[in-house]
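> Sending over a structure as structure tokens; questions will come in a sec.
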Amino acid sequence: MKYVYPTYQRFPIEIKSGQGVRLTDAHGQTYLDFTAGIGVCNFGYQNSAIQAAVQAQLPKIWHTSNLYENTLQDAVAKLLVHGEDRLVFFANSGTEANEAALKLARKYTGKTKILAFHQSFHGRTYGSMSMTGNPSIQAGYGPLVPDVAFATYNDPAAFAQITPALAAVILEVVQGEGGVFAGQKAWLQAVQAKCQANQVLLIIDEVQTGIGRTGYRFAYESYGLDPDIYTTAKGLANGLPVGAMVGRAQFASAFGPGSHGSTFAGNALAMAAAQAVLTNLTPTFLTDVQAKAQQVWQALDQQVAGLPMVTRLTGKGLMIGIHLVPDVPVVKVITALQQAGLLTLSAGDNTLRLLPPLVMSVEDLLAGVQTIATVLAQFETEAV
């Protein structure tokens, strides 16, 4: 690429089309997709319901700005809050949703200090980056937003850092970019209890874990949590750029006219897609995701977990991390899998990350696991 900043380590593949759960490149090679566009296309490619919703909106209006009433935004917000006493702020991405959460927490509480966690990822804009526990992402961009501290995820020592001085604690219930590490239920509930006891807001970043990825609308639901604010993006419009911050309705006093805004947020095309996604994110659909995930984890335990190259499996639902031995870089495995017709991702801790579309059949999911097992076994044979 000659005219684009080299901010991405790109593989020499150009995707030209997608159908269902398969992608085709510029040379006609077809791949089974275990990436979903980094957890975005949860309903696959050319999904008929979502495509019809966007096509119906196309001849009407694409953009009006947020200076006018928008019943489509309100309809999507109603689906998001799911009957709870909450309100929504629409954004264009996950990092913008997290920026909105940071601003709301500080303004509502009148406090500035935020506690985040090592190995977390909340985005690349300044506020979100400052709350991201990965020094490599922050390198060269200082000074960062002040008053952000970090604790160790799943460590009870973090409780001592949750004091009345904090405005909020922000966390992912499954750390995606950091290595697909799932939170321990008792620890997460204890964090919430400590927040409540100290009048500290709990913000849960559901940008990657939300919209059915773990078999629940939002992953926090499976932990018995009740966050003050949660954010979502990625899968919300199945590929069109959109994000949302969802907070308690009582916070409205801090987010009145002029307090925050965005030109493109709540765009009509993105809202049409999001409405279709949320309408189809039914209890039956989610139950099916949970059932498929159970079969995938069983196959991983049987075919992958015992391989010498694999140190452990982590994750939840269809958000999976296969941690590899340090002397085999994960990028080499990803490249080999591409050659075998399977697209996968990486994450921290030399982790092969799997985020297949939620609509993928059990047969295709198990075929993908078999391909992974075969490729990893080939690496072991070469090593010997």
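Just remember, in the structure tokens the first chain shown is A, the second B, etc., residues are 1-based per chain, and ligands are 1-based in the order shown.
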Env of region 245-250 of chain A: 10 Å cut, atoms = only C-alpha atoms, seq-sep filter 4 positions within chain, self excluded. Answer as an NGL selection string.
:A and (77 or 80-81 or 84-91 or 94 or 96-101 or 104-105 or 108 or 203-207 or 227-233 or 254)
> Show me, as a list in words, the residues that have an atom within 8 Å of region 329-332 of chain A when counting only C-alpha atoms, minus same-chain residues fewer than 6 positions from it.
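Returned residues: Ser346, Asn350, Thr351 and Leu352 of chain A.
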> With N, CA and C atoms kept, could you save the residues just selected as a PDB file, in the first residue's frame?

ATOM      1  N   SER A 346      -4.565 -12.924  16.327  1.00  0.00           N
ATOM      2  CA  SER A 346      -3.619 -13.047  17.433  1.00  0.00           C
ATOM      3  C   SER A 346      -4.091 -12.209  18.602  1.00  0.00           C
ATOM      4  N   ASN A 350       1.326 -14.372  23.127  1.00  0.00           N
ATOM      5  CA  ASN A 350       1.537 -15.307  22.017  1.00  0.00           C
ATOM      6  C   ASN A 350       0.319 -16.220  21.831  1.00  0.00           C
ATOM      7  N   THR A 351      -0.826 -15.585  21.674  1.00  0.00           N
ATOM      8  CA  THR A 351      -2.108 -16.293  21.667  1.00  0.00           C
ATOM      9  C   THR A 351      -2.753 -16.292  20.290  1.00  0.00           C
ATOM     10  N   LEU A 352      -3.187 -17.452  19.853  1.00  0.00           N
ATOM     11  CA  LEU A 352      -4.013 -17.593  18.670  1.00  0.00           C
ATOM     12  C   LEU A 352      -5.458 -17.327  19.110  1.00  0.00           C
TER      13      LEU A 352
END
> Show which residues sit within 9 Å of Lys292 (chain A), as a list in words. Count only C-alpha atoms, and ignore same-chain residues fewer than 2 positions away.
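The neighbour list is Thr287, Asp288, Val289, Gln290, Gln294, Gln295, Val296, Trp297, Gly317, Leu318, Leu358, Met360, Ser361, Val362 and Leu365 of chain A.
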> Residues at most 8 Å from Gly183 (chain A), counting only C-alpha atoms, excluding those fewer than 6 positions away in the same chain, as a PyMOL selection string?
chain A and resi 153-154+173-175
> Can you write just those residues out, C-alpha atoms, as a short mmCIF file (atom, residue, chain, number, x, y, z; two decimals), in the first residue's frame?

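New file selection-v3.cif:
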data_model
loop_
_atom_site.label_atom_id
_atom_site.label_comp_id
_atom_site.auth_asym_id
_atom_site.auth_seq_id
_atom_site.Cartn_x
_atom_site.Cartn_y
_atom_site.Cartn_z
CA TYR A 153 -6.68 -8.48 36.69
CA ASN A 154 -8.21 -11.31 38.74
CA VAL A 173 -15.06 -9.29 31.78
CA VAL A 174 -12.98 -11.12 29.18
CA GLN A 175 -9.78 -9.33 28.21
#
> Need the shell around Leu79 (chain A): protein/DNA/RNA residues with any atom at most 8 Å away, counting only C-alpha atoms. Skip same-chain ones fewer than 3 positions apart. Format as a compact mmCIF listing (two decimals) with N, CA, C and O atoms, in the first residue's frame?

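Once everything was written out, this is around_11.txt:
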# COMPACT_ATOMS: atom_id res chain seq x y z
N ALA A 75 -35.40 3.83 18.72
CA ALA A 75 -35.80 2.42 18.62
C ALA A 75 -34.63 1.50 18.93
O ALA A 75 -34.77 0.48 19.62
N VAL A 76 -33.45 1.84 18.42
CA VAL A 76 -32.26 1.03 18.68
C VAL A 76 -31.87 1.14 20.16
O VAL A 76 -31.52 0.14 20.79
N HIS A 82 -33.05 -2.76 26.84
CA HIS A 82 -33.70 -4.03 27.16
C HIS A 82 -34.59 -3.92 28.40
O HIS A 82 -34.57 -4.79 29.28
N GLY A 83 -35.36 -2.84 28.49
CA GLY A 83 -36.31 -2.69 29.58
C GLY A 83 -35.75 -2.13 30.86
O GLY A 83 -36.48 -1.92 31.83
N GLN A 275 -30.45 -2.08 14.40
CA GLN A 275 -31.80 -2.51 14.73
C GLN A 275 -32.03 -3.95 14.29
O GLN A 275 -32.61 -4.77 15.03
N LEU A 278 -29.95 -6.34 16.67
CA LEU A 278 -30.53 -6.51 18.01
C LEU A 278 -31.87 -7.24 17.95
O LEU A 278 -32.20 -8.00 18.87
N THR A 279 -32.62 -7.04 16.88
CA THR A 279 -33.89 -7.76 16.73
C THR A 279 -33.65 -9.26 16.59
O THR A 279 -34.44 -10.08 17.08
> So how far away is CA of Leu102 (chain A) from CA of Thr132 (chain A), in Å?
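About the pair CA of Thr132 (chain A) and CA of Leu102 (chain A): they are 12.4 Å apart.
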> Can you work out which one of A:Ile137, A:Ala157, A:Leu67, A:Ala168 has the shortest atom-to-atom distance to Thr109 (chain A), counting only C-alpha atoms?
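The closest residue to Thr109 (chain A) is A:Ala168.
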> Determine which residues of region 34-129 of chain A receive a DSSP assignment of helix (DSSP H, G or I), computed from the backbone, and state them as JSON, numbers by chain.
{"A": [36, 37, 38, 39, 48, 49, 50, 51, 52, 53, 54, 55, 56, 57, 71, 72, 73, 74, 75, 76, 77, 78, 79, 80, 81, 94, 95, 96, 97, 98, 99, 100, 101, 102, 103, 104, 105, 106, 107, 108, 109, 126, 127, 128, 129]}
> Rounded to one decimal in Å, what is the spacing between CA of Arg10 (chain A) and CA of Ala367 (chain A)?
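Between CA of Arg10 (chain A) and CA of Ala367 (chain A) the gap is 25.5 Å.
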> Identify, with DSSP run on backbone atoms, the residues in region 165-266 of chain A assigned to strand (DSSP E), and express the list as a PyMOL selection string.
chain A and resi 166-171+174-175+181-182+201-205+229-232+243-248
> Would you kindly return, as a list in words, each protein, DNA or RNA residue with an atom no farther than 10 Å from any atom of Gly368 (chain A), considering only C-alpha atoms and excluding same-chain residues fewer than 2 positions away?
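The neighbour list is Leu32, Asp33, Phe34, Val296, Leu337, Ala340, Gly341, Leu342, Leu343, Thr344, Leu354, Pro356, Val362, Glu363, Asp364, Leu365, Leu366, Gln370, Thr371, Ile372, Ala373 and Thr374 of chain A.
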> Select, from A:Gly215, A:Gly20, A:Gly133, A:Gly210, the residue with the minimum atom-to-atom distance to Phe43 (chain A), counting only C-alpha atoms.
A:Gly20
> Any idea what's packed within 10 Å of region 235-243 of chain A, counting only C-alpha atoms, ignoring anything in its chain fewer than 5 positions away? Could you give it as number ranges by chain?
A: 36-47, 50-51, 54, 80, 89-98, 207-213, 264-267, 269-278, 357
> To one decimal place in Å, what is the distance between CA of Gln189 (chain A) and CA of Leu225 (chain A)?
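Atom-to-atom, CA of Gln189 (chain A) and CA of Leu225 (chain A) are spaced 6.6 Å apart.
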> So, with only C-alpha atoms as the atoms that count, which of A:Leu166, A:Leu345, A:Val369, A:Leu376 lies closest to Phe11 (chain A)?
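Of all the options, A:Leu345 lies closest to Phe11 (chain A).
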> Quick one: which region 94-126 of chain A residues come within 10 Å of region 138-149 of chain A, and what is the nearest atom pair for each with the distance in Å to one decimal, counting only C-alpha atoms, rows ordered by chain and ascending number, as CSV?

residue,atom,partner,partner_atom,distance
A:Lys111,CA,A:Asp147,CA,9.8
A:Thr112,CA,A:Asp147,CA,6.3
A:Lys113,CA,A:Asp147,CA,4.7
A:Ile114,CA,A:Val148,CA,4.8
A:Leu115,CA,A:Ala149,CA,5.0
A:Ala116,CA,A:Ala149,CA,6.2
A:Phe117,CA,A:Ala149,CA,8.0
A:His118,CA,A:Ala149,CA,9.6
A:Arg124,CA,A:Gln138,CA,8.4
A:Tyr126,CA,A:Val145,CA,6.7
> Suppose we keep C-alpha atoms; can you now write the selection as a compact mmCIF listing (two decimals), in the first residue's frame?

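And here's out26.txt as it stands now:
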# COMPACT_ATOMS: atom_id res chain seq x y z
CA LYS A 111 -13.99 13.02 40.59
CA THR A 112 -11.18 12.35 38.13
CA LYS A 113 -9.37 9.16 39.19
CA ILE A 114 -9.92 5.98 37.17
CA LEU A 115 -8.77 2.44 37.95
CA ALA A 116 -8.10 0.17 34.97
CA PHE A 117 -6.25 -3.14 34.59
CA HIS A 118 -3.01 -4.41 33.15
CA ARG A 124 -6.57 4.20 20.86
CA TYR A 126 -6.31 9.57 24.25
